[in-house]
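Trainee: Okay, handing you the structure first.
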Amino acid sequence: MIKMQRVAYALLLFFFFTPFAGAQQAVSNAAIASAHPLATLAGREILDQGGNAFDAAIAVAGVLAVVEPYNSGLGGGGFFLLHRARDGRQVMLDAREKAPLAARTNMYLDHKGEPIPQASLVGPLAAAIPGLPAGLAHLAKRYGRFPLWQSLSAAIRLAEDGFPIDARYHAMAESHLALLQSHPEAAEQFLIERMVPKVGVLLKQPQLAATLRMLAQQGSKGFYRGPVAHAMVAAVRKQGGIWTQADLAHYQVKERAPIVFDYRGLRIVSAAPPSAGGLTLAESLNILARYDLAQLSQTQQMHLVAETLRRAYHDRARYMGDPDFVRIPSARLLSHEYAEQRAASIDLHNATPSANLRTAPSVKQGDHTTHFSIVDRAGNRVAATLSINTLFGSGFVAGKTGVLLNNEMDDFAASEQAQNVYGLAGSRANRIAPGKRPLSSMSPTFVEDKRGVLMLGTPGGSRIISMVLLAILGLEASPVPDVAALVSAPRFHHQYLPDRIEVEPGVFNAEVLDELTLKGHVVHLTQGKWGNMQAVWIDRASGRAFAASDPRVAGGALAW
């Protein structure tokens, strides 16, 4: 087993520095797809000034922290998948949040070992140590052309001068009004007279602007040390949290080799642990590579994909966590031999009940995240997925810093026996430990073949991986890639537990759903559609880049 792990690691390092053949091609135009037009425009502004894709990523992430606080922010974290054109270097920046040093395995359980309601979701005790500010500073120092203050200038301006409330902000704040009203600083920052601002009203965040300015001027130490850090720790501890100055001072971004594998002529580069994305995608596609999907009916395709996801998510739950704390059998999960073993149990005519697989837990993350994809004219690429977990995170703004804290501690498994707040059991590999990073489904991904390069990702909690998988399958099956079609295609999902196929309403033929039921699947129509995929396609023949935002949610896609 140890030898296999060393071989896998060597292969990862090879791919870490080895681009796809012909990958270093100039792009005739730049493109950005993000979840908000103001963020996309901020990225364009930086590129037009002579910055590169990495500078633009800082600008986009900074603006999203201001205008989309329900999904991401300085109080959260994420993963940045990078491709540097001049040498083909591909790397994942791990800016995932970390458990405080005082965290305990049973900190969210009562004396009976049962989860304490809302303890890991609301208030400062639910907050892990943020990673996004360190990620932005690292990106500027190691990969950008511009100083951090220049890339963050648009975010500072929008926080200080305000931005007009749009319909989406209004809806998100309205849905979590009670949470925002329950914390005075949050109510002051995100509401006006304790009510949701009307569409079109300017929302100003002067305290957040001041913190952004400290970060912009001083880099990481402007956030993790000094006045901002002291103010955050004091506010957290006053309200029952367990942060210390050491938690912030010791936070570090990690550069990790991404997961790299091939599927039917596609080279796929995706997120490494503590994201489950790359390994789960690799196992799924290794299984599917054994079948000719084009020769199957839609029902047969959906059945096969669901059965594949059932097995891959089963392994996600069994094995995956923070690689600095647990030994993940990556070589095994990446191998075609293991995929063959997993595929052998698939019945093409009948669903396999999840109970028939060896019992294992499943973990779900919050659905509310954000993603953006960027390519510049030199061919530098960024796919980044950021989060504070659930809508508006913990609902707690840390003192007068303007920093809304995440509730990513809920992404850990509370225990191996007790169900978590989503009604799902926990996993030993993802148990809480001091300084540990919780398992994530965030999956920024590059997909490359002789036709071009697709950069994509999406929010969606535990459904992120299946959405990226369906987009990859769509790309492989498309004679002429259409990035708009890929981000708008109908979606379905299986995650081992609960044992059901989740289906977007109104997009699949009733006859197909009936046929799936006859195969033994429980078909669950969700209340609404999901995801907010942001993708960029670079056509290799013409050198042109195309951007597309998911039509399910208003976003900002721009190619120029």
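Residue names in the structure tokens use chain letters A, B, ... in the order shown, residue numbers from 1 in each chain, and ligand numbers from 1 in the order shown.
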Would you pick out the contacts of Ser354 in chain A at 9 Å or less, using only C-alpha atoms, so that residues sharing its chain but fewer than 6 positions from it are not included, and give the list as a PDB file with C-alpha atoms, in the first residue's frame?
Mentor:
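Here's the written file selection.pdb:
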ATOM      1  CA  ARG A 310     -23.164   5.741  -5.665  1.00  0.00           C
ATOM      2  CA  ARG A 311     -19.858   3.844  -5.475  1.00  0.00           C
ATOM      3  CA  HIS A 314     -19.297   5.640  -0.913  1.00  0.00           C
ATOM      4  CA  TYR A 496     -24.694   7.079  -1.935  1.00  0.00           C
ATOM      5  CA  LEU A 497     -26.751   8.319   1.022  1.00  0.00           C
ATOM      6  CA  PRO A 498     -29.580   9.203   0.972  1.00  0.00           C
ATOM      7  CA  ASP A 499     -30.228   6.359  -1.468  1.00  0.00           C
TER       8      ASP A 499
END
Trainee: Show which residues sit within 10 Å of Gly144 in chain A, as a ChimeraX atom specification. Count only C-alpha atoms, and ignore same-chain residues fewer than 4 positions away.
Mentor: /A:51-58,136-140,148,151
Trainee: Compare A:Ser330, A:Thr517, A:Pro353, A:Tyr143 by their minimum atom-to-atom distance to Arg86 in chain A, counting only C-alpha atoms, and give me the closest one.
Mentor: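 Of all the options, A:Tyr143 lies closest to Arg86 in chain A.
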Trainee: Run DSSP on the backbone and tell me which residues of range 74-263 of chain A come out as alpha helix (DSSP H); list them as number ranges by chain.
Mentor: A: 132-142, 148-151, 153-161, 167-175, 177-181, 184-190, 206-218, 221-224, 226-238, 245-249
Trainee: So which residues touch Ser28 in chain A within 7 Å, counting only C-alpha atoms, skipping near sequence neighbours fewer than 3 positions away, as a list in words?
Mentor: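 The residues that qualify are Arg377, Gly543 and Arg544 of chain A.
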Trainee: Write to file, as a PDB file, in the first residue's frame, the residues of the selection just made, with N, CA, C and O atoms.
Mentor:
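Wrote it out as again09.pdb, contents follow:
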ATOM      1  N   ARG A 377      -4.744  36.724 -21.956  1.00  0.00           N
ATOM      2  CA  ARG A 377      -4.261  36.553 -23.332  1.00  0.00           C
ATOM      3  C   ARG A 377      -2.973  35.747 -23.415  1.00  0.00           C
ATOM      4  O   ARG A 377      -2.632  35.217 -24.477  1.00  0.00           O
ATOM      5  N   GLY A 543      -7.747  29.925 -31.085  1.00  0.00           N
ATOM      6  CA  GLY A 543      -7.163  30.687 -29.992  1.00  0.00           C
ATOM      7  C   GLY A 543      -8.164  31.552 -29.258  1.00  0.00           C
ATOM      8  O   GLY A 543      -7.810  32.289 -28.349  1.00  0.00           O
ATOM      9  N   ARG A 544      -9.443  31.471 -29.642  1.00  0.00           N
ATOM     10  CA  ARG A 544     -10.460  32.303 -29.011  1.00  0.00           C
ATOM     11  C   ARG A 544     -10.939  31.690 -27.703  1.00  0.00           C
ATOM     12  O   ARG A 544     -10.975  30.463 -27.537  1.00  0.00           O
TER      13      ARG A 544
END
Trainee: List every residue of range 225-340 of chain A that DSSP, applied to the backbone, labels as strand (DSSP E or B), and write the result as number ranges by chain.
Mentor: A: 254-256, 259-263, 266-270, 275
Trainee: When distances are computed from only C-alpha atoms, which of A:Gln301, A:Ser153, A:Gln118, A:Thr105 shows the smallest separation from Gly62 in chain A?
Mentor: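 The closest residue to Gly62 in chain A is A:Ser153.
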Trainee: Find, counting only C-alpha atoms, the residue in A:Arg428, A:Ala331, A:Ala339, A:Pro258 that gets nearest to Ala289 in chain A.
Mentor: A:Ala339
Trainee: Within 10 Å of Gln527 in chain A, counting only C-alpha atoms, which residues qualify if same-chain residues fewer than 5 places away don't, as a ChimeraX atom specification?
Mentor: /A:503-505
